[in-house]
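Down below is the structure, laid out as structure tokens.
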Amino acid sequence: MTKDLSIVIMAAGKGTRMRSSIPKVLHKIAHKPLLNHVIDTAETLRPKHIICVVGPDVPAVEEAAKPHTVVIQKERLGTGHALKTALSEIKDFKGTVMVLSGDVPLITADMLGDLAARHAQGDNPAATIMAMMPDEPTGYGRIVLSDEGHVECIVEEKDASDAQKAISLCNGGVYCFDGEGLHTWIEKLSNDNAQKEYLLPDLIAIAKEEGRVSVVVEGDDESLLGVNTRDQLAELEMIFQNRQRMKFLDAGVTMQDPATVYFAADTQIAADVTIEPSVIFGEGVTVEEGCIVKGFSHIEGSYICANSKIGPFARLRPGTNLSENVEVGNFVEVNRSTIGKGTKAKHFTYLGDAVLHKDVNIGAGTIICNYDGINKHKTIIKDRAFIGSNSTLIAPLTVGEGAYIAAGSAVTEDVEKESLVIARTRGKLLSGWAKDRNKSKK
């Protein structure tokens with residue numbers, strides 16, 4: 001734990017431009033809420049406190065912030081007012097206060113670590129501000145520097161003159177403050193501006209009036225981008241996906257067409273995995289070494305052991321666990337099931353609430369009927385069992401070791417080991433029947 005660091009995360013914005021009933025910070029990138037991206041990055045610094053400032057009547061945001069401290073900004077009176085609300089939780093804290101935005105999800109642990117280090121190494125600055133120089137600065141506050149390179153003030157665009165709007169150095173919205181001074185400066189904030197809000201950047205000018213300087217650390221523009229609209233959300237999703245792709249390529253994963261593969265934030269893939277085009281990984285997926293994931297497969301909540309083959313057009317749903325050398329082929333869906341080493345289900349199959357042991361063969365068209373309209377039921381298929389094509393297994397059911405289910409069977413009772421079940425209507429041949437019928441059509 002870093003005892004001299006507290007982090008405040010601003011998450012009270014309404015996000016009206018998102019045009020959504022979902023709070024802005026709960027919109028997702030790579031299946032993970034924006035706020036939780038920021039929280040997880042903040043946690044890497046191991047601060048003494050993480051405080052999330054949320055708006056009124058948004059219990060879902062409060063839940064997302066757990067187990068960290070949550071304070072409610074009852075009136076949305078600006079970022080300065082939000083910070084003042086947070087400081088009420090750390091009245092006696094005199095270390096560094098870092099301020100982050102809950103809608104800036106791509107900021108990295110390295111950037112935050114560098115900001116904190118630069119602030120600590122400085123000559124007792126009032127604040128250290130992470131700045132950026134975006135190609136399109138519209139909408140960002142401008143940082144006005146003195147001849148010595150210190151921050152004179154930060155001017156919001158709505159309050160900026162034409163000359164100030166021409167400044168390319170923009171406020172990245174990430175700060176480190178001297179905590180002791182901050183408690184004093186926050187009381188001097190006013191809302192004398194175009195927005196009639198208490199603005200956090202105004203603290204810089206207040207500190208300067210007391211003879212305290214503030215300095216700038218330039219950060220990566222891409223990592224400081226925020227989300228205010230759906231198109232910005234889509235832009236940041238693309239950036240995050242490209243980072244994930246490069247991370248896995250650098251770690252020894254082969255992707256034939258990386259731009260068509262999509263990952264969740266928590267996806268884990270080992271070296272020497274091959275991923276064909278148009279594959280989607282949802283939350284909670286781990287793929288071990290040597291696996292092949294063929295095109296158009298969709299995997300979520302699944303653990304896939306080494307040297308298994310998935311797809312094409314396979315769907316693995318949450319609760320799926322595959323052992324080594326398993327094959328799940330085209331148009332096979334697996335849900336809440338465990339599949340043992342060497343087992344194969346290659347075509348047109350549904351496996352739900354099932355446990356398949358080693359070296360089981362599942363024929364094309366096999367369906368496990370696990371739901372009776374009220375409850376889900378379990379199916380167990382033991383080692384080396386052979387399930388013939390177009391079989392229907394009606395749970396609850398156990399198929400013993402080495403048993404055979406004849407193709408086309410509908411099985412409703414447990415099957416003894418090394419036995420054969422034929423559960424289908426016996427075929428009947430009517431010689432000449434079609435010939436007579438065809439004559440009647442003439």
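Here's how to read the names in the structure tokens: chain A, B, ... by the order shown, residue numbers from 1 in each chain, ligand numbers from 1 in the order shown.
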| task | Extract, using only C-alpha atoms, all DNA, RNA and protein residues at most 12 Å from stretch 250-255 of chain A, discarding same-chain residues fewer than 4 positions from it, and format them as a list in words. | result |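 Near neighbours after the sequence-gap exclusion: Arg243, Gln244, Arg245, Met246, Ala259, Thr260, Val261, Tyr262, Gln268, Ile269, Ala270, Ala271, Asp272, Val273, Thr274, Ile275, Glu276, Pro277, Ser278, Val279, Val287, Glu288, Glu289, Gly290, Cys291, Ile292, Val293, Lys294 and Gly295 of chain A.
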Residues from last step as file, C-alpha atoms, as a PDB file, in the first residue's frame:
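Writing the result to part35.pdb gives the following:
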```pdb
ATOM      1  CA  ARG A 243      -4.035  -3.087 -27.861  1.00  0.00           C
ATOM      2  CA  GLN A 244      -5.353  -6.537 -26.966  1.00  0.00           C
ATOM      3  CA  ARG A 245      -4.456  -7.894 -30.387  1.00  0.00           C
ATOM      4  CA  MET A 246      -0.905  -6.580 -30.180  1.00  0.00           C
ATOM      5  CA  ALA A 259      -8.729  -6.995 -37.105  1.00  0.00           C
ATOM      6  CA  THR A 260     -11.642  -9.456 -37.103  1.00  0.00           C
ATOM      7  CA  VAL A 261     -10.926 -10.994 -33.679  1.00  0.00           C
ATOM      8  CA  TYR A 262     -12.518  -9.407 -30.602  1.00  0.00           C
ATOM      9  CA  GLN A 268      -6.312 -15.021 -21.354  1.00  0.00           C
ATOM     10  CA  ILE A 269      -4.641 -16.812 -24.251  1.00  0.00           C
ATOM     11  CA  ALA A 270      -1.404 -18.793 -24.079  1.00  0.00           C
ATOM     12  CA  ALA A 271       1.400 -18.953 -26.627  1.00  0.00           C
ATOM     13  CA  ASP A 272       1.049 -21.109 -29.737  1.00  0.00           C
ATOM     14  CA  VAL A 273      -2.710 -20.713 -29.923  1.00  0.00           C
ATOM     15  CA  THR A 274      -3.989 -20.150 -33.457  1.00  0.00           C
ATOM     16  CA  ILE A 275      -7.070 -17.998 -33.979  1.00  0.00           C
ATOM     17  CA  GLU A 276      -8.737 -17.897 -37.366  1.00  0.00           C
ATOM     18  CA  PRO A 277     -10.728 -14.865 -38.602  1.00  0.00           C
ATOM     19  CA  SER A 278     -14.009 -13.630 -37.108  1.00  0.00           C
ATOM     20  CA  VAL A 279     -13.749 -15.065 -33.589  1.00  0.00           C
ATOM     21  CA  VAL A 287      -7.318 -20.749 -23.777  1.00  0.00           C
ATOM     22  CA  GLU A 288      -4.215 -22.829 -23.097  1.00  0.00           C
ATOM     23  CA  GLU A 289      -1.303 -23.507 -25.414  1.00  0.00           C
ATOM     24  CA  GLY A 290      -1.588 -25.284 -28.747  1.00  0.00           C
ATOM     25  CA  CYS A 291      -5.317 -24.778 -29.257  1.00  0.00           C
ATOM     26  CA  ILE A 292      -6.865 -23.911 -32.601  1.00  0.00           C
ATOM     27  CA  VAL A 293      -9.945 -21.696 -32.669  1.00  0.00           C
ATOM     28  CA  LYS A 294     -11.508 -21.751 -36.102  1.00  0.00           C
ATOM     29  CA  GLY A 295     -13.474 -18.969 -37.727  1.00  0.00           C
TER      30      GLY A 295
END
```
| Could you pull out the helix (DSSP H, G or I) residues of stretch 116-189 of chain A from DSSP and send them as an MDAnalysis selection string? | chainID A and resid 116:121 157:159 162:165 179:188
| Which residues come within 10 Å of A:Val328, counting only C-alpha atoms, excluding same-chain residues fewer than 4 positions away, as a PyMOL selection string? | chain A and resi 293+308-316+322+332-334+339+343-349+362
Residues as selected, C-alpha atoms, written as a PDB file, in the first residue's frame, can you do that?
```pdb
ATOM      1  CA  VAL A 293      -9.945 -21.696 -32.669  1.00  0.00           C
ATOM      2  CA  SER A 308      -8.049 -28.569 -28.247  1.00  0.00           C
ATOM      3  CA  LYS A 309      -9.811 -27.588 -31.464  1.00  0.00           C
ATOM      4  CA  ILE A 310     -12.827 -25.301 -31.554  1.00  0.00           C
ATOM      5  CA  GLY A 311     -15.089 -24.557 -34.521  1.00  0.00           C
ATOM      6  CA  PRO A 312     -15.664 -23.328 -37.073  1.00  0.00           C
ATOM      7  CA  PHE A 313     -19.026 -21.825 -36.062  1.00  0.00           C
ATOM      8  CA  ALA A 314     -18.827 -23.219 -32.512  1.00  0.00           C
ATOM      9  CA  ARG A 315     -20.432 -21.604 -29.499  1.00  0.00           C
ATOM     10  CA  LEU A 316     -19.082 -22.160 -25.995  1.00  0.00           C
ATOM     11  CA  LEU A 322     -12.745 -28.499 -21.972  1.00  0.00           C
ATOM     12  CA  VAL A 332     -21.807 -27.300 -31.832  1.00  0.00           C
ATOM     13  CA  GLU A 333     -23.068 -25.447 -28.750  1.00  0.00           C
ATOM     14  CA  VAL A 334     -21.782 -26.296 -25.268  1.00  0.00           C
ATOM     15  CA  ILE A 339     -15.795 -32.338 -21.490  1.00  0.00           C
ATOM     16  CA  THR A 343     -13.669 -36.340 -26.432  1.00  0.00           C
ATOM     17  CA  LYS A 344     -15.065 -35.231 -29.785  1.00  0.00           C
ATOM     18  CA  ALA A 345     -18.307 -33.524 -30.788  1.00  0.00           C
ATOM     19  CA  LYS A 346     -17.672 -32.458 -34.361  1.00  0.00           C
ATOM     20  CA  HIS A 347     -21.013 -31.539 -35.901  1.00  0.00           C
ATOM     21  CA  PHE A 348     -24.462 -30.060 -35.207  1.00  0.00           C
ATOM     22  CA  THR A 349     -24.773 -30.827 -31.498  1.00  0.00           C
ATOM     23  CA  ILE A 362     -20.671 -37.555 -30.022  1.00  0.00           C
TER      24      ILE A 362
END
```
| Using only C-alpha atoms, which of A:Arg212, A:His150, A:Lys196, A:Lys341 sits nearest A:Asp178? |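 Under the stated criterion, the closest residue is A:Arg212.
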| query | Given the choices A:Lys91, A:Lys247, A:Lys14, A:Lys188, which gets closest to A:Phe263 if the distance is worked out from only C-alpha atoms? | reply |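 Checking each of A:Lys91, A:Lys247, A:Lys14, A:Lys188 against A:Phe263, counting only C-alpha atoms, the winner is A:Lys247.
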| request: For A:Ala207, please output as a list in words all residues within 9 Å (counting only C-alpha atoms; exclusion window: fewer than 2 positions along the same chain). | output: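 So, after excluding close chain neighbours, the residues are Ala126, Ala127, Gly181, Leu182, Trp185, Asp202, Leu203, Ile204, Ala205, Glu209, Glu210, Gly211, Arg212, Val213 and Ser214 of chain A.
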Selection above as a file: N, CA and C atoms, as a PDB file, in the first residue's frame:
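Output contents, as saved in result09.pdb:
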```
ATOM      1  N   ALA A 126       2.140  22.486  -6.326  1.00  0.00           N
ATOM      2  CA  ALA A 126       0.749  22.427  -5.883  1.00  0.00           C
ATOM      3  C   ALA A 126       0.029  21.292  -6.591  1.00  0.00           C
ATOM      4  N   ALA A 127       0.331  21.153  -7.879  1.00  0.00           N
ATOM      5  CA  ALA A 127      -0.310  20.101  -8.670  1.00  0.00           C
ATOM      6  C   ALA A 127       0.603  19.720  -9.817  1.00  0.00           C
ATOM      7  N   GLY A 181      -2.501  21.309   0.886  1.00  0.00           N
ATOM      8  CA  GLY A 181      -2.964  22.563   0.295  1.00  0.00           C
ATOM      9  C   GLY A 181      -4.343  22.439  -0.335  1.00  0.00           C
ATOM     10  N   LEU A 182      -4.637  21.277  -0.855  1.00  0.00           N
ATOM     11  CA  LEU A 182      -5.903  21.075  -1.560  1.00  0.00           C
ATOM     12  C   LEU A 182      -7.103  21.344  -0.667  1.00  0.00           C
ATOM     13  N   TRP A 185      -7.464  25.130  -0.738  1.00  0.00           N
ATOM     14  CA  TRP A 185      -7.816  25.719  -2.036  1.00  0.00           C
ATOM     15  C   TRP A 185      -9.248  25.384  -2.452  1.00  0.00           C
ATOM     16  N   ASP A 202      -9.816  25.268 -11.892  1.00  0.00           N
ATOM     17  CA  ASP A 202      -9.617  26.592 -11.301  1.00  0.00           C
ATOM     18  C   ASP A 202      -8.734  26.536 -10.053  1.00  0.00           C
ATOM     19  N   LEU A 203      -8.558  25.334  -9.484  1.00  0.00           N
ATOM     20  CA  LEU A 203      -7.683  25.195  -8.314  1.00  0.00           C
ATOM     21  C   LEU A 203      -6.246  25.591  -8.624  1.00  0.00           C
ATOM     22  N   ILE A 204      -5.853  25.448  -9.882  1.00  0.00           N
ATOM     23  CA  ILE A 204      -4.472  25.759 -10.261  1.00  0.00           C
ATOM     24  C   ILE A 204      -4.191  27.253 -10.070  1.00  0.00           C
ATOM     25  N   ALA A 205      -5.133  28.081 -10.533  1.00  0.00           N
ATOM     26  CA  ALA A 205      -4.957  29.533 -10.390  1.00  0.00           C
ATOM     27  C   ALA A 205      -5.026  29.956  -8.927  1.00  0.00           C
ATOM     28  N   GLU A 209      -2.030  31.913  -6.762  1.00  0.00           N
ATOM     29  CA  GLU A 209      -2.187  33.153  -6.006  1.00  0.00           C
ATOM     30  C   GLU A 209      -1.512  33.060  -4.638  1.00  0.00           C
ATOM     31  N   GLU A 210      -1.356  31.813  -4.146  1.00  0.00           N
ATOM     32  CA  GLU A 210      -0.674  31.618  -2.862  1.00  0.00           C
ATOM     33  C   GLU A 210       0.818  31.345  -3.050  1.00  0.00           C
ATOM     34  N   GLY A 211       1.292  31.508  -4.293  1.00  0.00           N
ATOM     35  CA  GLY A 211       2.715  31.346  -4.546  1.00  0.00           C
ATOM     36  C   GLY A 211       3.139  29.927  -4.845  1.00  0.00           C
ATOM     37  N   ARG A 212       2.178  29.027  -5.068  1.00  0.00           N
ATOM     38  CA  ARG A 212       2.501  27.633  -5.353  1.00  0.00           C
ATOM     39  C   ARG A 212       2.432  27.392  -6.853  1.00  0.00           C
ATOM     40  N   VAL A 213       3.417  26.706  -7.390  1.00  0.00           N
ATOM     41  CA  VAL A 213       3.463  26.450  -8.833  1.00  0.00           C
ATOM     42  C   VAL A 213       2.873  25.073  -9.132  1.00  0.00           C
ATOM     43  N   SER A 214       2.392  24.938 -10.348  1.00  0.00           N
ATOM     44  CA  SER A 214       1.914  23.657 -10.856  1.00  0.00           C
ATOM     45  C   SER A 214       2.653  23.346 -12.141  1.00  0.00           C
TER      46      SER A 214
END
```
Against stretch 59-77 of chain A, which residues of stretch 123-214 of chain A fall within 12 Å? For each one I want the closest pair of atoms and the distance in Å (one decimal), counting only C-alpha atoms, rows by chain and increasing residue number, as a tab-separated table.
```
residue	atom	partner	partner_atom	distance
A:Leu189	CA	A:Leu77	CA	11.6
A:Ser190	CA	A:Leu77	CA	10.7
A:Asn191	CA	A:Leu77	CA	8.7
A:Gln195	CA	A:Leu77	CA	9.5
A:Lys196	CA	A:Leu77	CA	8.1
A:Glu197	CA	A:Leu77	CA	5.2
A:Tyr198	CA	A:Leu77	CA	6.1
A:Leu199	CA	A:Leu77	CA	8.5
A:Leu200	CA	A:Leu77	CA	10.9
```
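For the atom pair formed by atom CA of A:Thr96 and atom CA of A:Ser6, the distance is 6.3 Å, given to one decimal.
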| Which residue, A:Glu401, A:Glu89, A:Asp372, A:Asp110, has the smallest gap to A:Ser419 when you use only C-alpha atoms? | A:Glu401
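The shell of residues at most 9 Å from A:Asn228, with only C-alpha atoms counted and near chain neighbours (fewer than 2 positions) removed, consists of Gly15, Thr16, Arg17, Met18, Lys24, Asp103, Gly226, Arg230, Asp231, Gln232 and Leu233 of chain A.
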| task | Give me, please, the distance in Å between atom CA of A:Ile143 and atom CA of A:Ala131, quoted to one decimal. | result |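 Rounded to one decimal, the two atoms are 8.0 Å apart.
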| Taking into account only C-alpha atoms, which residue in the set A:Ala403, A:Ala12, A:Ala116, A:Ile90 is nearest to A:Ile50? |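 Smallest distance to A:Ile50 is found for A:Ile90.
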| message | Please determine, counting only C-alpha atoms, which residue among A:Ser146, A:Ser297, A:Val174, A:Pro318 has the shortest atom-to-atom distance to A:Ile7. | response |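 Among A:Ser146, A:Ser297, A:Val174, A:Pro318, it is A:Val174 that comes nearest to A:Ile7.
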